[in-house]
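Have a look at the structure below, then the notes.
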Amino acid sequence: MARLKHTLIHHLTQLKTMMTRMPASALPCSLAPDMFSLEKHAKVAANFALRGYCPLLGVATVSFYNDKEGKQAVLSQIEATLAYLAAAPEIEGYQDQRQITDTAGLIDVTLCESEFIERFILPNLLFHMGMVYAIGKTQGVALSKGDFDGFHHYPPGFCFSQVSQA
């Protein structure tokens with residue numbers, strides 16, 4: 001639990017890594033007409049970190065989300081979110097007797113602190129990051145799994161379709 005801040009910072013740093021590689025032309029793209037754009041997914045992902053962390057601190061949720069468009073607006077939001085988290089105190093443990101309510105689509109969801117983070121915040125942050133990755137890939141951006149998770153490494157030009165499945 002004491003690693004939540006570290007985990008959020010890690011994921012946001014990877015989101016920033018991916019966003020720095022995105023051409024401006026990819027930002028308005030989406031996987032389907034009824035889905036958010038890459039830009040909106042990136043902003044929502046960054047916002048989820050603070051939607052999760054601020055309630056655990058017992059403070060009103062801070063958001064650096066803004067309606068400005070473009071790559072710099074997204075990067076500024078991510079950087080401000082990272083700075084806020086870096087300065088925030090560590091959370092030492094969940095207080096599961098406390099319930100947190102947030103909006104999930106068109107409904108409210110109320111969960112104890114641990115479930116709020118583990119079943120709502122982290123999956124949503126990673127979902128929106130995954131959409132950034134997927135849209136970027138469909139737009140020809142050279143991203144690897146390592147850009148997403150910060151751990152995997154593949155040599156330049158590596159292609160899974162050329163790897164034997166034997």
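We label chains A, B, ... in the order they appear in the structure tokens, count residues from 1 in each chain, and number ligands from 1 in the order shown.
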
Just want the 12 Å neighbourhood of range 14-19 of chain A, counted on only C-alpha atoms, with same-chain residues fewer than 2 positions away dropped. Output as an mmCIF file with N, CA, C and O atoms, in the first residue's frame.
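The resulting file, result_20.cif, is shown below:
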data_model
loop_
_atom_site.group_PDB
_atom_site.id
_atom_site.type_symbol
_atom_site.label_atom_id
_atom_site.label_comp_id
_atom_site.auth_asym_id
_atom_site.auth_seq_id
_atom_site.Cartn_x
_atom_site.Cartn_y
_atom_site.Cartn_z
ATOM 1 N N THR A 7 3.532 3.884 -7.591
ATOM 2 C CA THR A 7 2.865 3.216 -8.716
ATOM 3 C C THR A 7 2.211 4.229 -9.643
ATOM 4 O O THR A 7 2.354 4.150 -10.875
ATOM 5 N N LEU A 8 1.505 5.185 -9.080
ATOM 6 C CA LEU A 8 0.853 6.204 -9.907
ATOM 7 C C LEU A 8 1.880 7.038 -10.665
ATOM 8 O O LEU A 8 1.705 7.324 -11.856
ATOM 9 N N ILE A 9 2.944 7.413 -9.992
ATOM 10 C CA ILE A 9 3.999 8.195 -10.643
ATOM 11 C C ILE A 9 4.629 7.378 -11.775
ATOM 12 O O ILE A 9 4.884 7.911 -12.863
ATOM 13 N N HIS A 10 4.852 6.108 -11.537
ATOM 14 C CA HIS A 10 5.425 5.243 -12.587
ATOM 15 C C HIS A 10 4.526 5.223 -13.823
ATOM 16 O O HIS A 10 5.001 5.433 -14.950
ATOM 17 N N HIS A 11 3.235 4.970 -13.626
ATOM 18 C CA HIS A 11 2.327 4.891 -14.769
ATOM 19 C C HIS A 11 2.213 6.230 -15.495
ATOM 20 O O HIS A 11 2.196 6.270 -16.736
ATOM 21 N N LEU A 12 2.156 7.314 -14.754
ATOM 22 C CA LEU A 12 2.072 8.631 -15.399
ATOM 23 C C LEU A 12 3.360 8.965 -16.151
ATOM 24 O O LEU A 12 3.315 9.619 -17.195
ATOM 25 N N ARG A 21 6.113 10.936 -27.806
ATOM 26 C CA ARG A 21 6.346 10.347 -29.130
ATOM 27 C C ARG A 21 5.182 10.557 -30.095
ATOM 28 O O ARG A 21 5.301 10.240 -31.269
ATOM 29 N N MET A 22 4.067 11.047 -29.594
ATOM 30 C CA MET A 22 2.874 11.192 -30.433
ATOM 31 C C MET A 22 2.971 12.412 -31.330
ATOM 32 O O MET A 22 3.227 13.517 -30.853
ATOM 33 N N PRO A 23 2.753 12.234 -32.623
ATOM 34 C CA PRO A 23 2.653 13.408 -33.490
ATOM 35 C C PRO A 23 1.303 14.090 -33.249
ATOM 36 O O PRO A 23 0.333 13.444 -32.844
ATOM 37 N N ALA A 24 1.249 15.363 -33.501
ATOM 38 C CA ALA A 24 0.002 16.112 -33.313
ATOM 39 C C ALA A 24 -1.148 15.501 -34.104
ATOM 40 O O ALA A 24 -2.298 15.526 -33.657
ATOM 41 N N ALA A 26 -1.960 12.501 -34.454
ATOM 42 C CA ALA A 26 -2.569 11.338 -33.798
ATOM 43 C C ALA A 26 -3.541 11.742 -32.700
ATOM 44 O O ALA A 26 -4.428 10.964 -32.339
ATOM 45 N N LEU A 27 -3.425 12.940 -32.161
ATOM 46 C CA LEU A 27 -4.216 13.335 -30.993
ATOM 47 C C LEU A 27 -5.728 13.299 -31.205
ATOM 48 O O LEU A 27 -6.458 12.885 -30.307
ATOM 49 N N LEU A 38 -7.402 10.034 -28.748
ATOM 50 C CA LEU A 38 -6.155 9.765 -28.027
ATOM 51 C C LEU A 38 -5.900 10.863 -27.013
ATOM 52 O O LEU A 38 -5.550 10.591 -25.854
ATOM 53 N N GLU A 39 -6.080 12.119 -27.408
ATOM 54 C CA GLU A 39 -5.842 13.242 -26.504
ATOM 55 C C GLU A 39 -6.732 13.160 -25.271
ATOM 56 O O GLU A 39 -6.262 13.316 -24.142
ATOM 57 N N LYS A 40 -8.002 12.885 -25.466
ATOM 58 C CA LYS A 40 -8.935 12.798 -24.337
ATOM 59 C C LYS A 40 -8.576 11.622 -23.431
ATOM 60 O O LYS A 40 -8.611 11.748 -22.199
ATOM 61 N N HIS A 41 -8.214 10.476 -24.008
ATOM 62 C CA HIS A 41 -7.801 9.329 -23.195
ATOM 63 C C HIS A 41 -6.594 9.686 -22.330
ATOM 64 O O HIS A 41 -6.534 9.309 -21.156
ATOM 65 N N ALA A 42 -5.619 10.399 -22.888
ATOM 66 C CA ALA A 42 -4.429 10.775 -22.123
ATOM 67 C C ALA A 42 -4.792 11.695 -20.962
ATOM 68 O O ALA A 42 -4.308 11.517 -19.838
ATOM 69 N N LYS A 43 -5.665 12.653 -21.221
ATOM 70 C CA LYS A 43 -6.082 13.575 -20.162
ATOM 71 C C LYS A 43 -6.874 12.856 -19.071
ATOM 72 O O LYS A 43 -6.688 13.112 -17.882
ATOM 73 N N VAL A 44 -7.737 11.949 -19.465
ATOM 74 C CA VAL A 44 -8.535 11.203 -18.491
ATOM 75 C C VAL A 44 -7.633 10.291 -17.659
ATOM 76 O O VAL A 44 -7.799 10.182 -16.440
ATOM 77 N N ALA A 45 -6.661 9.640 -18.309
ATOM 78 C CA ALA A 45 -5.735 8.775 -17.574
ATOM 79 C C ALA A 45 -5.010 9.568 -16.494
ATOM 80 O O ALA A 45 -4.930 9.132 -15.342
ATOM 81 N N ALA A 46 -4.480 10.721 -16.858
ATOM 82 C CA ALA A 46 -3.770 11.550 -15.876
ATOM 83 C C ALA A 46 -4.695 11.968 -14.742
ATOM 84 O O ALA A 46 -4.305 11.980 -13.574
ATOM 85 N N ASN A 47 -5.920 12.272 -15.079
ATOM 86 C CA ASN A 47 -6.890 12.710 -14.080
ATOM 87 C C ASN A 47 -7.231 11.598 -13.083
ATOM 88 O O ASN A 47 -7.469 11.860 -11.909
ATOM 89 N N ALA A 49 -5.357 9.436 -11.716
ATOM 90 C CA ALA A 49 -4.383 9.324 -10.630
ATOM 91 C C ALA A 49 -4.806 10.171 -9.429
ATOM 92 O O ALA A 49 -4.761 9.706 -8.286
ATOM 93 N N GLY A 70 -4.163 20.014 -27.714
ATOM 94 C CA GLY A 70 -2.817 19.885 -28.245
ATOM 95 C C GLY A 70 -1.894 19.113 -27.325
ATOM 96 O O GLY A 70 -2.171 18.898 -26.148
ATOM 97 N N LYS A 71 -0.804 18.698 -27.913
ATOM 98 C CA LYS A 71 0.165 17.876 -27.204
ATOM 99 C C LYS A 71 0.715 18.577 -25.967
ATOM 100 O O LYS A 71 0.857 17.965 -24.911
ATOM 101 N N GLN A 72 1.021 19.857 -26.081
ATOM 102 C CA GLN A 72 1.582 20.574 -24.934
ATOM 103 C C GLN A 72 0.585 20.660 -23.788
ATOM 104 O O GLN A 72 0.973 20.564 -22.622
ATOM 105 N N ALA A 73 -0.700 20.788 -24.090
ATOM 106 C CA ALA A 73 -1.717 20.822 -23.035
ATOM 107 C C ALA A 73 -1.756 19.501 -22.279
ATOM 108 O O ALA A 73 -1.862 19.469 -21.050
ATOM 109 N N VAL A 74 -1.653 18.398 -23.013
ATOM 110 C CA VAL A 74 -1.644 17.072 -22.382
ATOM 111 C C VAL A 74 -0.393 16.912 -21.533
ATOM 112 O O VAL A 74 -0.464 16.491 -20.370
ATOM 113 N N LEU A 75 0.765 17.233 -22.098
ATOM 114 C CA LEU A 75 2.014 17.092 -21.356
ATOM 115 C C LEU A 75 2.033 17.984 -20.116
ATOM 116 O O LEU A 75 2.517 17.562 -19.059
ATOM 117 N N SER A 76 1.484 19.174 -20.220
ATOM 118 C CA SER A 76 1.416 20.065 -19.055
ATOM 119 C C SER A 76 0.553 19.465 -17.955
ATOM 120 O O SER A 76 0.901 19.554 -16.767
ATOM 121 N N GLN A 77 -0.567 18.852 -18.332
ATOM 122 C CA GLN A 77 -1.433 18.217 -17.343
ATOM 123 C C GLN A 77 -0.707 17.061 -16.657
ATOM 124 O O GLN A 77 -0.760 16.921 -15.431
ATOM 125 N N ILE A 78 -0.027 16.248 -17.442
ATOM 126 C CA ILE A 78 0.703 15.110 -16.871
ATOM 127 C C ILE A 78 1.803 15.609 -15.940
ATOM 128 O O ILE A 78 1.965 15.104 -14.816
ATOM 129 N N GLU A 79 2.557 16.603 -16.365
ATOM 130 C CA GLU A 79 3.650 17.133 -15.548
ATOM 131 C C GLU A 79 3.134 17.752 -14.253
ATOM 132 O O GLU A 79 3.732 17.551 -13.187
ATOM 133 N N ALA A 80 2.030 18.491 -14.312
ATOM 134 C CA ALA A 80 1.453 19.078 -13.097
ATOM 135 C C ALA A 80 0.955 17.986 -12.151
ATOM 136 O O ALA A 80 1.107 18.093 -10.920
ATOM 137 N N THR A 81 0.383 16.937 -12.717
ATOM 138 C CA THR A 81 -0.099 15.818 -11.901
ATOM 139 C C THR A 81 1.078 15.108 -11.237
ATOM 140 O O THR A 81 1.030 14.777 -10.044
ATOM 141 N N LEU A 82 2.133 14.871 -11.992
ATOM 142 C CA LEU A 82 3.335 14.259 -11.427
ATOM 143 C C LEU A 82 3.925 15.105 -10.300
ATOM 144 O O LEU A 82 4.320 14.576 -9.253
ATOM 145 N N LEU A 125 -7.220 3.977 -15.016
ATOM 146 C CA LEU A 125 -6.003 4.643 -15.449
ATOM 147 C C LEU A 125 -5.316 3.805 -16.528
ATOM 148 O O LEU A 125 -4.931 4.315 -17.586
ATOM 149 N N LEU A 126 -5.200 2.498 -16.280
ATOM 150 C CA LEU A 126 -4.534 1.623 -17.244
ATOM 151 C C LEU A 126 -5.352 1.432 -18.525
ATOM 152 O O LEU A 126 -4.780 1.319 -19.618
ATOM 153 N N PHE A 127 -6.667 1.422 -18.418
ATOM 154 C CA PHE A 127 -7.512 1.340 -19.612
ATOM 155 C C PHE A 127 -7.243 2.539 -20.529
ATOM 156 O O PHE A 127 -7.001 2.385 -21.729
ATOM 157 N N HIS A 128 -7.289 3.738 -19.961
ATOM 158 C CA HIS A 128 -7.105 4.940 -20.775
ATOM 159 C C HIS A 128 -5.676 5.027 -21.309
ATOM 160 O O HIS A 128 -5.466 5.453 -22.457
ATOM 161 N N MET A 129 -4.687 4.585 -20.521
ATOM 162 C CA MET A 129 -3.312 4.510 -21.042
ATOM 163 C C MET A 129 -3.234 3.510 -22.194
ATOM 164 O O MET A 129 -2.554 3.753 -23.193
ATOM 165 N N GLY A 130 -3.918 2.385 -22.040
ATOM 166 C CA GLY A 130 -3.935 1.372 -23.098
ATOM 167 C C GLY A 130 -4.536 1.911 -24.385
ATOM 168 O O GLY A 130 -4.086 1.568 -25.486
ATOM 169 N N MET A 131 -5.541 2.745 -24.253
ATOM 170 C CA MET A 131 -6.144 3.355 -25.440
ATOM 171 C C MET A 131 -5.160 4.312 -26.109
ATOM 172 O O MET A 131 -5.073 4.363 -27.339
ATOM 173 N N VAL A 132 -4.406 5.075 -25.314
ATOM 174 C CA VAL A 132 -3.372 5.951 -25.884
ATOM 175 C C VAL A 132 -2.383 5.105 -26.685
ATOM 176 O O VAL A 132 -2.045 5.433 -27.826
ATOM 177 N N TYR A 133 -1.939 4.019 -26.085
ATOM 178 C CA TYR A 133 -0.989 3.116 -26.753
ATOM 179 C C TYR A 133 -1.599 2.550 -28.041
ATOM 180 O O TYR A 133 -0.974 2.609 -29.109
ATOM 181 N N ALA A 134 -2.817 2.022 -27.939
ATOM 182 C CA ALA A 134 -3.451 1.379 -29.099
ATOM 183 C C ALA A 134 -3.693 2.371 -30.234
ATOM 184 O O ALA A 134 -3.415 2.066 -31.403
ATOM 185 N N ILE A 135 -4.186 3.538 -29.909
ATOM 186 C CA ILE A 135 -4.434 4.536 -30.954
ATOM 187 C C ILE A 135 -3.113 4.974 -31.573
ATOM 188 O O ILE A 135 -2.992 5.093 -32.801
ATOM 189 N N GLY A 136 -2.115 5.195 -30.734
ATOM 190 C CA GLY A 136 -0.796 5.556 -31.258
ATOM 191 C C GLY A 136 -0.269 4.510 -32.218
ATOM 192 O O GLY A 136 0.232 4.832 -33.306
ATOM 193 N N LYS A 137 -0.395 3.236 -31.834
ATOM 194 C CA LYS A 137 0.074 2.155 -32.713
ATOM 195 C C LYS A 137 -0.686 2.148 -34.039
ATOM 196 O O LYS A 137 -0.084 1.960 -35.096
ATOM 197 N N VAL A 141 2.760 5.127 -34.791
ATOM 198 C CA VAL A 141 3.755 5.608 -33.836
ATOM 199 C C VAL A 141 4.581 4.415 -33.349
ATOM 200 O O VAL A 141 4.031 3.373 -32.990
ATOM 201 N N ALA A 142 5.876 4.567 -33.334
ATOM 202 C CA ALA A 142 6.784 3.490 -32.923
ATOM 203 C C ALA A 142 6.783 3.380 -31.398
ATOM 204 O O ALA A 142 7.577 4.009 -30.707
ATOM 205 N N LEU A 143 5.843 2.584 -30.890
ATOM 206 C CA LEU A 143 5.738 2.334 -29.453
ATOM 207 C C LEU A 143 5.931 0.851 -29.212
ATOM 208 O O LEU A 143 5.546 0.021 -30.030
ATOM 209 N N SER A 144 6.495 0.520 -28.059
ATOM 210 C CA SER A 144 6.632 -0.883 -27.674
ATOM 211 C C SER A 144 5.967 -1.078 -26.318
ATOM 212 O O SER A 144 5.601 -0.118 -25.642
ATOM 213 N N LYS A 145 5.851 -2.328 -25.924
ATOM 214 C CA LYS A 145 5.305 -2.636 -24.605
ATOM 215 C C LYS A 145 6.149 -1.961 -23.520
ATOM 216 O O LYS A 145 5.630 -1.549 -22.489
ATOM 217 N N GLY A 146 7.435 -1.815 -23.768
ATOM 218 C CA GLY A 146 8.313 -1.129 -22.829
ATOM 219 C C GLY A 146 7.942 0.328 -22.634
ATOM 220 O O GLY A 146 8.110 0.878 -21.539
ATOM 221 N N ASP A 147 7.424 0.975 -23.675
ATOM 222 C CA ASP A 147 6.961 2.354 -23.531
ATOM 223 C C ASP A 147 5.743 2.412 -22.617
ATOM 224 O O ASP A 147 5.538 3.388 -21.905
ATOM 225 N N PHE A 148 4.949 1.348 -22.643
ATOM 226 C CA PHE A 148 3.751 1.289 -21.801
ATOM 227 C C PHE A 148 4.096 0.948 -20.360
ATOM 228 O O PHE A 148 3.647 1.602 -19.433
ATOM 229 N N ASP A 149 4.892 -0.108 -20.157
ATOM 230 C CA ASP A 149 5.116 -0.561 -18.778
ATOM 231 C C ASP A 149 6.455 -0.150 -18.185
ATOM 232 O O ASP A 149 6.660 -0.259 -16.982
ATOM 233 N N GLY A 150 7.377 0.323 -19.009
ATOM 234 C CA GLY A 150 8.661 0.764 -18.495
ATOM 235 C C GLY A 150 9.645 -0.358 -18.213
ATOM 236 O O GLY A 150 10.730 -0.100 -17.687
ATOM 237 N N PHE A 151 9.300 -1.587 -18.550
ATOM 238 C CA PHE A 151 10.163 -2.721 -18.249
ATOM 239 C C PHE A 151 10.603 -3.494 -19.495
ATOM 240 O O PHE A 151 11.776 -3.815 -19.619
#

Residue list (strand (DSSP E), DSSP) for range 23-129 of chain A, as a list of chain:residue names: A:Gln99, A:Ile100, A:Thr101, A:Asp102, A:Thr103, A:Ala104, A:Ile107, A:Asp108, A:Val109, A:Thr110, A:Leu111, A:Cys112

Could you save those same residues with N, CA and C atoms as a PDB file, in the first residue's frame?
ATOM      1  N   GLN A  99     -15.769   4.843   2.917  1.00  0.00           N
ATOM      2  CA  GLN A  99     -16.295   4.605   1.575  1.00  0.00           C
ATOM      3  C   GLN A  99     -16.005   5.842   0.720  1.00  0.00           C
ATOM      4  N   ILE A 100     -15.660   5.606  -0.530  1.00  0.00           N
ATOM      5  CA  ILE A 100     -15.411   6.692  -1.478  1.00  0.00           C
ATOM      6  C   ILE A 100     -16.395   6.531  -2.626  1.00  0.00           C
ATOM      7  N   THR A 101     -17.020   7.639  -3.001  1.00  0.00           N
ATOM      8  CA  THR A 101     -17.976   7.640  -4.109  1.00  0.00           C
ATOM      9  C   THR A 101     -17.402   8.460  -5.255  1.00  0.00           C
ATOM     10  N   ASP A 102     -17.517   7.923  -6.443  1.00  0.00           N
ATOM     11  CA  ASP A 102     -17.074   8.607  -7.661  1.00  0.00           C
ATOM     12  C   ASP A 102     -18.041   8.214  -8.772  1.00  0.00           C
ATOM     13  N   THR A 103     -17.870   8.839  -9.907  1.00  0.00           N
ATOM     14  CA  THR A 103     -18.723   8.561 -11.050  1.00  0.00           C
ATOM     15  C   THR A 103     -18.060   7.562 -11.969  1.00  0.00           C
ATOM     16  N   ALA A 104     -18.808   6.541 -12.354  1.00  0.00           N
ATOM     17  CA  ALA A 104     -18.349   5.544 -13.323  1.00  0.00           C
ATOM     18  C   ALA A 104     -19.311   5.604 -14.499  1.00  0.00           C
ATOM     19  N   ILE A 107     -23.185   6.388 -13.771  1.00  0.00           N
ATOM     20  CA  ILE A 107     -23.648   5.991 -12.437  1.00  0.00           C
ATOM     21  C   ILE A 107     -22.602   6.358 -11.393  1.00  0.00           C
ATOM     22  N   ASP A 108     -23.022   6.370 -10.145  1.00  0.00           N
ATOM     23  CA  ASP A 108     -22.101   6.545  -9.039  1.00  0.00           C
ATOM     24  C   ASP A 108     -21.653   5.180  -8.557  1.00  0.00           C
ATOM     25  N   VAL A 109     -20.404   5.096  -8.157  1.00  0.00           N
ATOM     26  CA  VAL A 109     -19.865   3.878  -7.573  1.00  0.00           C
ATOM     27  C   VAL A 109     -19.331   4.243  -6.185  1.00  0.00           C
ATOM     28  N   THR A 110     -19.664   3.417  -5.196  1.00  0.00           N
ATOM     29  CA  THR A 110     -19.187   3.623  -3.832  1.00  0.00           C
ATOM     30  C   THR A 110     -18.465   2.362  -3.394  1.00  0.00           C
ATOM     31  N   LEU A 111     -17.200   2.527  -3.018  1.00  0.00           N
ATOM     32  CA  LEU A 111     -16.362   1.401  -2.626  1.00  0.00           C
ATOM     33  C   LEU A 111     -15.508   1.788  -1.419  1.00  0.00           C
ATOM     34  N   CYS A 112     -15.065   0.781  -0.668  1.00  0.00           N
ATOM     35  CA  CYS A 112     -14.104   1.053   0.395  1.00  0.00           C
ATOM     36  C   CYS A 112     -12.783   1.455  -0.274  1.00  0.00           C
TER      37      CYS A 112
END

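As for CA of Val59 in chain A and CA of Ile121 in chain A, they are spaced 16.5 Å apart.
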
Point-to-point distance from CA of Glu69 in chain A to CA of Ala83 in chain A, Å rounded to tenths: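 CA of Glu69 in chain A sits 20.8 Å away from CA of Ala83 in chain A.
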
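Assigned to alpha helix (DSSP H) in range 100-130 of chain A, given DSSP computed from backbone atoms, are Glu113, Ser114, Glu115, Leu122, Pro123, Asn124, Leu125, Leu126, Phe127, His128, Met129 and Gly130 of chain A.
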
Polymer residues at most 10 Å from Pro89 in chain A, only C-alpha atoms, same-chain spacing of 3 or more positions, as a ChimeraX atom specification: /A:5,57,84-86,92
